[in-house]
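*Asks:* For reference, this is start03.cif, and it has mmCIF, C-alpha atoms.
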```cif
data_protein
loop_
_atom_site.label_atom_id
_atom_site.label_comp_id
_atom_site.auth_asym_id
_atom_site.auth_seq_id
_atom_site.Cartn_x
_atom_site.Cartn_y
_atom_site.Cartn_z
CA MET D 10 -15.36 -16.32 3.85
CA PRO D 11 -14.29 -12.69 3.22
CA LYS D 12 -14.25 -11.82 -0.46
CA PHE D 13 -13.00 -8.23 -0.54
CA SER D 14 -9.95 -6.62 1.02
CA ILE D 15 -8.56 -3.15 1.67
CA GLY D 16 -5.02 -3.71 2.88
CA PRO D 17 -5.23 -6.17 5.79
CA ARG D 18 -8.96 -5.51 6.32
CA THR D 19 -11.40 -8.07 4.93
CA TYR D 20 -15.07 -7.69 4.12
CA ARG D 21 -17.74 -10.18 3.07
CA THR D 22 -18.60 -8.11 0.01
CA LYS D 23 -17.49 -5.07 -1.95
CA GLY D 24 -20.63 -3.37 -0.63
CA GLU D 25 -19.43 -3.75 2.95
CA ALA D 26 -16.05 -2.30 2.01
CA THR D 27 -17.77 0.62 0.31
CA LYS D 28 -19.83 1.30 3.44
CA ALA D 29 -16.65 1.31 5.56
CA VAL D 30 -15.14 4.02 3.36
CA GLN D 31 -18.39 5.99 3.28
CA ALA D 32 -18.56 5.87 7.08
CA ILE D 33 -15.20 7.65 7.22
CA ARG D 34 -16.35 10.25 4.70
CA ASP D 35 -19.55 10.92 6.61
CA ALA D 36 -17.83 11.20 10.01
CA TYR D 37 -16.08 14.45 9.04
CA ASN D 38 -17.16 17.80 7.66
CA VAL D 39 -15.95 19.22 4.35
CA GLY D 40 -12.48 20.70 4.83
CA GLU D 41 -11.63 18.60 7.89
CA MET D 42 -8.56 16.39 7.99
CA VAL D 43 -9.08 12.68 8.62
CA ASP D 44 -7.24 12.61 11.93
CA ASP D 45 -8.22 9.21 13.33
CA HIS D 46 -5.28 6.83 12.96
CA ASP D 47 -7.41 3.86 11.87
CA ASP D 48 -9.38 5.98 9.40
CA HIS D 49 -6.16 7.35 7.93
CA GLY D 50 -4.74 3.83 7.69
CA LEU D 51 -7.75 2.54 5.77
CA LEU D 52 -7.58 5.43 3.30
CA ARG D 53 -3.82 4.92 2.93
CA ASP D 54 -4.37 1.31 1.93
CA LEU D 55 -7.32 2.34 -0.25
CA ILE D 56 -5.30 4.79 -2.34
CA ASP D 57 -2.82 2.01 -3.10
CA MET D 58 -5.70 0.31 -4.94
CA HIS D 59 -6.21 3.24 -7.32
CA PRO D 60 -5.11 2.43 -10.90
CA ASP D 61 -3.10 5.68 -10.88
CA ALA D 62 -1.80 5.22 -7.33
CA VAL D 63 1.81 6.08 -8.17
CA GLU D 64 0.81 9.40 -9.72
CA LYS D 65 -1.72 10.17 -6.98
CA ILE D 66 0.66 9.44 -4.10
CA GLY D 67 3.70 11.12 -5.63
CA CYS D 68 6.30 11.92 -2.97
CA GLY D 69 4.16 10.44 -0.20
CA VAL D 70 0.91 10.86 1.72
CA ASP D 71 0.77 13.43 4.50
CA SER D 72 -2.96 13.43 5.16
CA PHE D 73 -6.47 13.05 3.77
CA VAL D 74 -9.05 15.83 3.78
CA ILE D 75 -12.79 15.69 3.14
CA ASP D 76 -13.36 17.46 -0.17
CA ARG D 77 -16.44 19.27 -1.43
CA PRO D 78 -18.66 17.30 -3.82
CA MET D 79 -17.41 17.23 -7.39
CA VAL D 80 -20.84 16.13 -8.62
CA GLY D 81 -23.98 15.30 -6.70
CA ARG D 82 -24.42 15.93 -3.01
CA HIS D 83 -21.88 13.60 -1.43
CA SER D 84 -18.47 14.84 -0.35
CA GLY D 85 -15.29 13.06 -1.35
CA PHE D 86 -11.62 12.78 -0.43
CA LYS D 87 -8.55 14.82 -1.18
CA LEU D 88 -5.00 13.58 -0.69
CA VAL D 89 -2.41 15.99 0.68
CA ARG D 90 1.15 14.99 -0.23
CA THR D 91 4.20 15.44 1.97
CA ASP D 92 5.32 18.39 -0.19
CA GLY D 93 2.02 20.18 0.40
CA THR D 94 0.48 19.55 -3.02
CA GLU D 95 -3.08 18.22 -3.18
CA ILE D 96 -5.05 15.95 -5.49
CA ASP D 97 -8.54 14.49 -5.35
CA PHE D 98 -9.38 10.84 -6.00
CA SER D 99 -12.46 8.68 -6.37
CA PHE D 100 -12.80 6.00 -3.71
CA LEU D 101 -15.18 4.14 -6.02
CA THR D 102 -12.38 3.92 -8.58
CA CYS D 103 -10.15 2.45 -5.87
CA LEU D 104 -12.79 -0.19 -5.16
CA SER D 105 -13.15 -1.21 -8.80
CA PRO D 106 -11.82 -4.66 -9.75
CA PRO D 107 -8.01 -4.54 -9.92
CA ASN D 108 -6.40 -4.56 -13.36
CA HIS D 109 -3.61 -6.99 -14.23
CA ARG D 110 -0.86 -4.56 -13.24
CA GLN D 111 -2.38 -4.16 -9.77
CA GLN D 112 -2.72 -7.91 -9.41
CA VAL D 113 0.91 -8.41 -10.41
CA LEU D 114 2.04 -5.77 -7.89
CA ALA D 115 0.08 -7.53 -5.14
CA ALA D 116 1.68 -10.83 -6.16
CA MET D 117 5.13 -9.22 -6.13
CA ARG D 118 4.60 -7.95 -2.60
CA GLY D 119 3.48 -11.42 -1.56
CA GLU D 120 6.48 -13.12 -3.15
CA VAL D 121 8.94 -11.05 -1.08
CA THR D 122 7.15 -11.53 2.26
CA SER D 123 9.90 -13.87 3.46
CA THR D 124 12.53 -11.22 2.66
CA ILE D 125 10.65 -8.60 4.65
CA SER D 126 10.16 -11.01 7.57
CA ALA D 127 13.84 -11.98 7.55
CA TYR D 128 14.87 -8.32 7.66
CA PHE D 129 12.65 -7.65 10.66
CA ALA D 130 13.94 -10.78 12.40
CA SER D 131 17.52 -9.59 11.89
CA ARG D 132 16.71 -6.22 13.44
CA ALA D 133 14.93 -7.87 16.34
CA GLY D 134 17.88 -10.21 16.86
CA ALA D 135 20.24 -7.24 16.89
CA ASN D 136 17.96 -5.43 19.37
CA THR D 137 17.63 -2.43 17.03
CA LEU D 138 13.83 -2.11 16.92
CA THR D 139 13.78 1.66 16.60
CA SER D 140 12.60 3.91 13.78
CA ASP D 141 15.38 4.70 11.32
CA LEU D 142 13.72 8.06 10.76
CA SER D 143 13.06 9.31 14.27
CA GLY D 144 14.69 6.83 16.65
CA THR D 145 11.33 6.06 18.25
CA PRO D 146 11.15 2.57 19.87
CA LEU D 147 8.95 0.20 17.87
CA ASP D 148 6.32 -2.31 18.91
CA ALA D 149 7.74 -5.76 18.13
CA ASN D 150 4.20 -7.03 17.47
CA ASN D 151 3.46 -4.40 14.85
CA PRO D 152 6.56 -3.96 12.67
CA HIS D 153 6.60 -1.57 9.72
CA VAL D 154 9.35 -2.41 7.27
CA SER D 155 9.67 0.30 4.63
CA HIS D 156 11.61 0.98 1.44
CA PHE D 157 11.97 4.66 2.37
CA GLN D 158 15.77 4.63 2.46
CA GLY D 159 16.09 3.66 -1.20
CA PRO D 160 13.97 3.35 -4.34
CA PRO D 161 10.24 2.83 -3.63
CA PHE D 162 8.83 -0.65 -4.06
CA ILE D 163 6.92 0.41 -7.19
CA GLU D 164 10.15 1.56 -8.83
CA ILE D 165 11.91 -1.73 -8.06
CA ALA D 166 8.91 -3.69 -9.34
CA THR D 167 8.60 -1.62 -12.52
CA GLN D 168 12.28 -2.07 -13.31
CA PHE D 169 11.92 -5.84 -12.98
CA THR D 170 8.78 -6.08 -15.07
CA THR D 171 10.45 -4.04 -17.82
CA THR D 172 13.24 -6.61 -18.06
CA ALA D 173 10.61 -9.38 -18.01
CA GLY D 174 8.84 -7.90 -21.03
CA GLY D 175 6.14 -5.88 -19.29
CA TRP D 176 3.30 -6.39 -16.83
CA ASP D 177 1.21 -8.45 -19.24
CA GLN D 178 4.00 -11.01 -19.62
CA ILE D 179 3.77 -12.06 -15.96
CA GLU D 180 1.16 -14.78 -15.55
CA LEU D 181 -0.42 -15.41 -12.18
CA ASN D 182 -2.09 -18.34 -10.47
CA SER D 183 -5.36 -17.88 -8.61
CA ALA D 184 -5.30 -16.02 -5.31
CA SER D 185 -3.97 -18.09 -2.42
CA ALA D 186 -5.29 -18.41 1.11
CA ALA D 187 -3.01 -15.49 1.98
CA GLY D 188 -5.16 -13.27 -0.24
CA TYR D 189 -2.87 -12.71 -3.21
CA ALA D 190 -1.98 -14.58 -6.38
CA LYS D 191 1.48 -15.97 -7.10
CA PHE D 192 3.70 -16.04 -10.15
CA LYS D 193 2.84 -19.03 -12.33
CA ASP D 194 6.47 -19.21 -13.45
CA ARG D 195 8.28 -20.09 -10.22
CA ALA D 196 11.71 -19.52 -11.75
CA LEU D 197 10.63 -15.99 -12.64
CA ALA D 198 9.32 -15.58 -9.10
CA GLN D 199 12.75 -16.43 -7.72
CA GLU D 200 14.36 -13.98 -10.13
CA TRP D 201 12.03 -11.31 -8.78
CA VAL D 202 12.91 -12.17 -5.18
CA GLU D 203 16.62 -11.89 -5.97
CA HIS D 204 16.08 -8.62 -7.85
CA HIS D 205 14.23 -7.20 -4.87
CA LYS D 206 16.98 -8.29 -2.47
CA ALA D 207 19.58 -6.62 -4.68
CA HIS D 208 17.80 -3.27 -4.96
CA ALA D 209 15.67 -2.82 -1.84
CA LYS D 210 17.11 -0.72 0.99
CA LEU D 211 14.86 -1.63 3.88
CA GLY D 212 14.35 0.24 7.11
CA LEU D 213 12.00 0.40 10.08
CA LEU D 214 9.43 3.10 10.77
CA THR D 215 6.63 3.70 13.24
CA ALA D 216 3.12 2.98 11.97
CA GLN D 217 2.39 6.69 11.55
CA GLU D 218 5.67 7.37 9.72
CA ASN D 219 5.10 4.43 7.41
CA LEU D 220 1.59 5.55 6.48
CA ARG D 221 3.02 8.82 5.21
CA ARG D 222 5.77 7.38 3.02
CA PRO D 223 5.55 6.04 -0.54
CA HIS D 224 5.13 2.24 -0.13
#
```
Starting from the file, lay out its structure as structure tokens.
*Replies:*
Amino acid sequence: MPKFSIGPRTYRTKGEATKAVQAIRDAYNVGEMVDDHDDHGLLRDLIDMHPDAVEKIGCGVDSFVIDRPMVGRHSGFKLVRTDGTEIDFSFLTCLSPPNHRQQVLAAMRGEVTSTISAYFASRAGANTLTSDLSGTPLDANNPHVSHFQGPPFIEIATQFTTTAGGWDQIELNSASAAGYAKFKDRALAQEWVEHHKAHAKLGLLTAQENLRRPH
């Protein structure tokens, strides 16, 4: 059974996940942009795993570039934001065991899955499966629901955890078959779902547009 994940991708071990990231790094020369859609998608999900993801991502991800080695002989990655600013990051740091805050964020995303699914179903039922950013028709089998029209998910989540007493006050059960843990306090989980419904302004984007927005 897979034991390590990067976004929706699963690997038998952390070592296999590391090799997948290294394969992307080694497929490009220093200074080149990671222009393969699947490669970009993996790195986009990877940066979400960084303990300082919010600060690294900033206004949103435009692209990833192969960076010169900081130490040693191996090249690394540089994130280019949508405003043109750049920042490097360690993919090994991204692959380190998640801290409690990261685990809570993953649980929070899992708890609102039904809300996201219901929103997509309502758009499909209304026959409005087009990007709210560009008007591009969307693939009904690969929906990308985004918070880009309002506060980012991380902002909504942080606001809720502040009222709950902080990240450390939210206890989690063990990871479920879906790959994420759940709130141990189910009443608190429902409060979070309602808070998200009240503050999230959802919209639809193409896969490429969604990869370049703050999640």
*Asks:* To one decimal place in Å, what is the distance between atom CA of D:Val154 and atom CA of D:Leu51?
*Replies:*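 Atom CA of D:Leu51 lies at a distance of 17.9 Å from atom CA of D:Val154.
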*Asks:* Mind checking which residues fall within 10 Å of D:Glu95, counting all atoms listed in the file, ignoring those fewer than 3 positions away in the same chain, and posting them as a ChimeraX atom specification?
*Replies:* /D:65-66,70-74,87-92
*Asks:* Go ahead and save the residues from that selection, with C-alpha atoms, as a PDB file, keeping the file's coordinate frame.
*Replies:*
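So result23.pdb came out as:
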```pdb
ATOM      1  CA  LYS D  65      -1.720  10.170  -6.980  1.00  0.00           C
ATOM      2  CA  ILE D  66       0.660   9.440  -4.100  1.00  0.00           C
ATOM      3  CA  VAL D  70       0.910  10.860   1.720  1.00  0.00           C
ATOM      4  CA  ASP D  71       0.770  13.430   4.500  1.00  0.00           C
ATOM      5  CA  SER D  72      -2.960  13.430   5.160  1.00  0.00           C
ATOM      6  CA  PHE D  73      -6.470  13.050   3.770  1.00  0.00           C
ATOM      7  CA  VAL D  74      -9.050  15.830   3.780  1.00  0.00           C
ATOM      8  CA  LYS D  87      -8.550  14.820  -1.180  1.00  0.00           C
ATOM      9  CA  LEU D  88      -5.000  13.580  -0.690  1.00  0.00           C
ATOM     10  CA  VAL D  89      -2.410  15.990   0.680  1.00  0.00           C
ATOM     11  CA  ARG D  90       1.150  14.990  -0.230  1.00  0.00           C
ATOM     12  CA  THR D  91       4.200  15.440   1.970  1.00  0.00           C
ATOM     13  CA  ASP D  92       5.320  18.390  -0.190  1.00  0.00           C
TER      14      ASP D  92
END
```
*Asks:* For D:Ser14, find every residue with an atom within 10 Å (counting all atoms listed in the file), except residues of its own chain fewer than 3 positions away, and show them as number ranges by chain.
*Replies:* D: 11, 17-23, 26, 54-55, 104, 188
*Asks:* Contacts of stretch 211-213 of chain D at 9 Å or less, counting all atoms listed in the file, minus same-chain residues fewer than 4 places along, as an MDAnalysis selection string?
*Replies:* chainID D and resid 125 128:129 132 138:142 147 152:159 219
*Asks:* Compute the distance from (-9.5, 18.4, 7.5) to each atom, counting only C-alpha atoms, keep the residues with any atom at most 10 Å away, and return them as an MDAnalysis selection string; use the coordinates of the file.
*Replies:* chainID D and resid 37:44 72:76 86:87
*Asks:* Using all atoms listed in the file, find the one residue out of D:Lys193, D:His59, D:His46, D:Arg53 that sits nearest to D:Thr102.
*Replies:* D:His59
*Asks:* Which residue is closest to D:Ala133? Choose from D:Glu218, D:Asp148, D:Asp97, D:Glu200 and count only C-alpha atoms.
*Replies:*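 Among the listed residues, D:Asp148 lies closest to D:Ala133.
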*Asks:* Please report the interatomic distance between atom CA of D:Ile96 and atom CA of D:His49 in Å with one decimal.
*Replies:*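 Between these atoms lies a distance of 16.0 Å.
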*Asks:* Using atom CA of D:Pro160 and atom CA of D:Trp201 as the two end points, give the distance in Å to one decimal.
*Replies:*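 It comes out at 15.4 Å.
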*Asks:* Counting all atoms listed in the file, what is within 12 Å of D:Leu197, bar same-chain residues fewer than 4 positions away, as a list in words?
*Replies:* Met117, Glu120, Phe169, Thr170, Thr172, Ala173, Gly174, Gln178, Ile179, Glu180, Leu181, Lys191, Phe192, Lys193, Trp201, Val202, Glu203 and His204 of chain D
*Asks:* Could you spell out the hits of the PyMOL selection byres ((chain D and resi 115) around 12) on the shown file, as number ranges by chain?
*Replies:* D: 14-16, 57-58, 107-114, 116-122, 162-163, 166, 181, 184-185, 187-192
*Asks:* Given only C-alpha atoms as the basis, pick out the residue of D:Ala209, D:Ala196, D:Ile33, D:Ala130 nearest to D:Gln168.
*Replies:*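 Closest candidate: D:Ala209.
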*Asks:* Which residue is closest to D:Ser126? Choose from D:Gln217, D:Gln199, D:Asn151, D:Thr167 and count only C-alpha atoms.
*Replies:* D:Asn151
*Asks:* Please write out, as lines of an AutoDock Vina configuration file, where the centre of an axis-aligned box around all listed atoms of stretch 47-65 of chain D lies and how long its edges are, in Å to one decimal, after adding 5 Å on each side.
*Replies:*
```
center_x = -3.8
center_y = 5.2
center_z = 0.5
size_x = 21.2
size_y = 19.9
size_z = 32.8
```
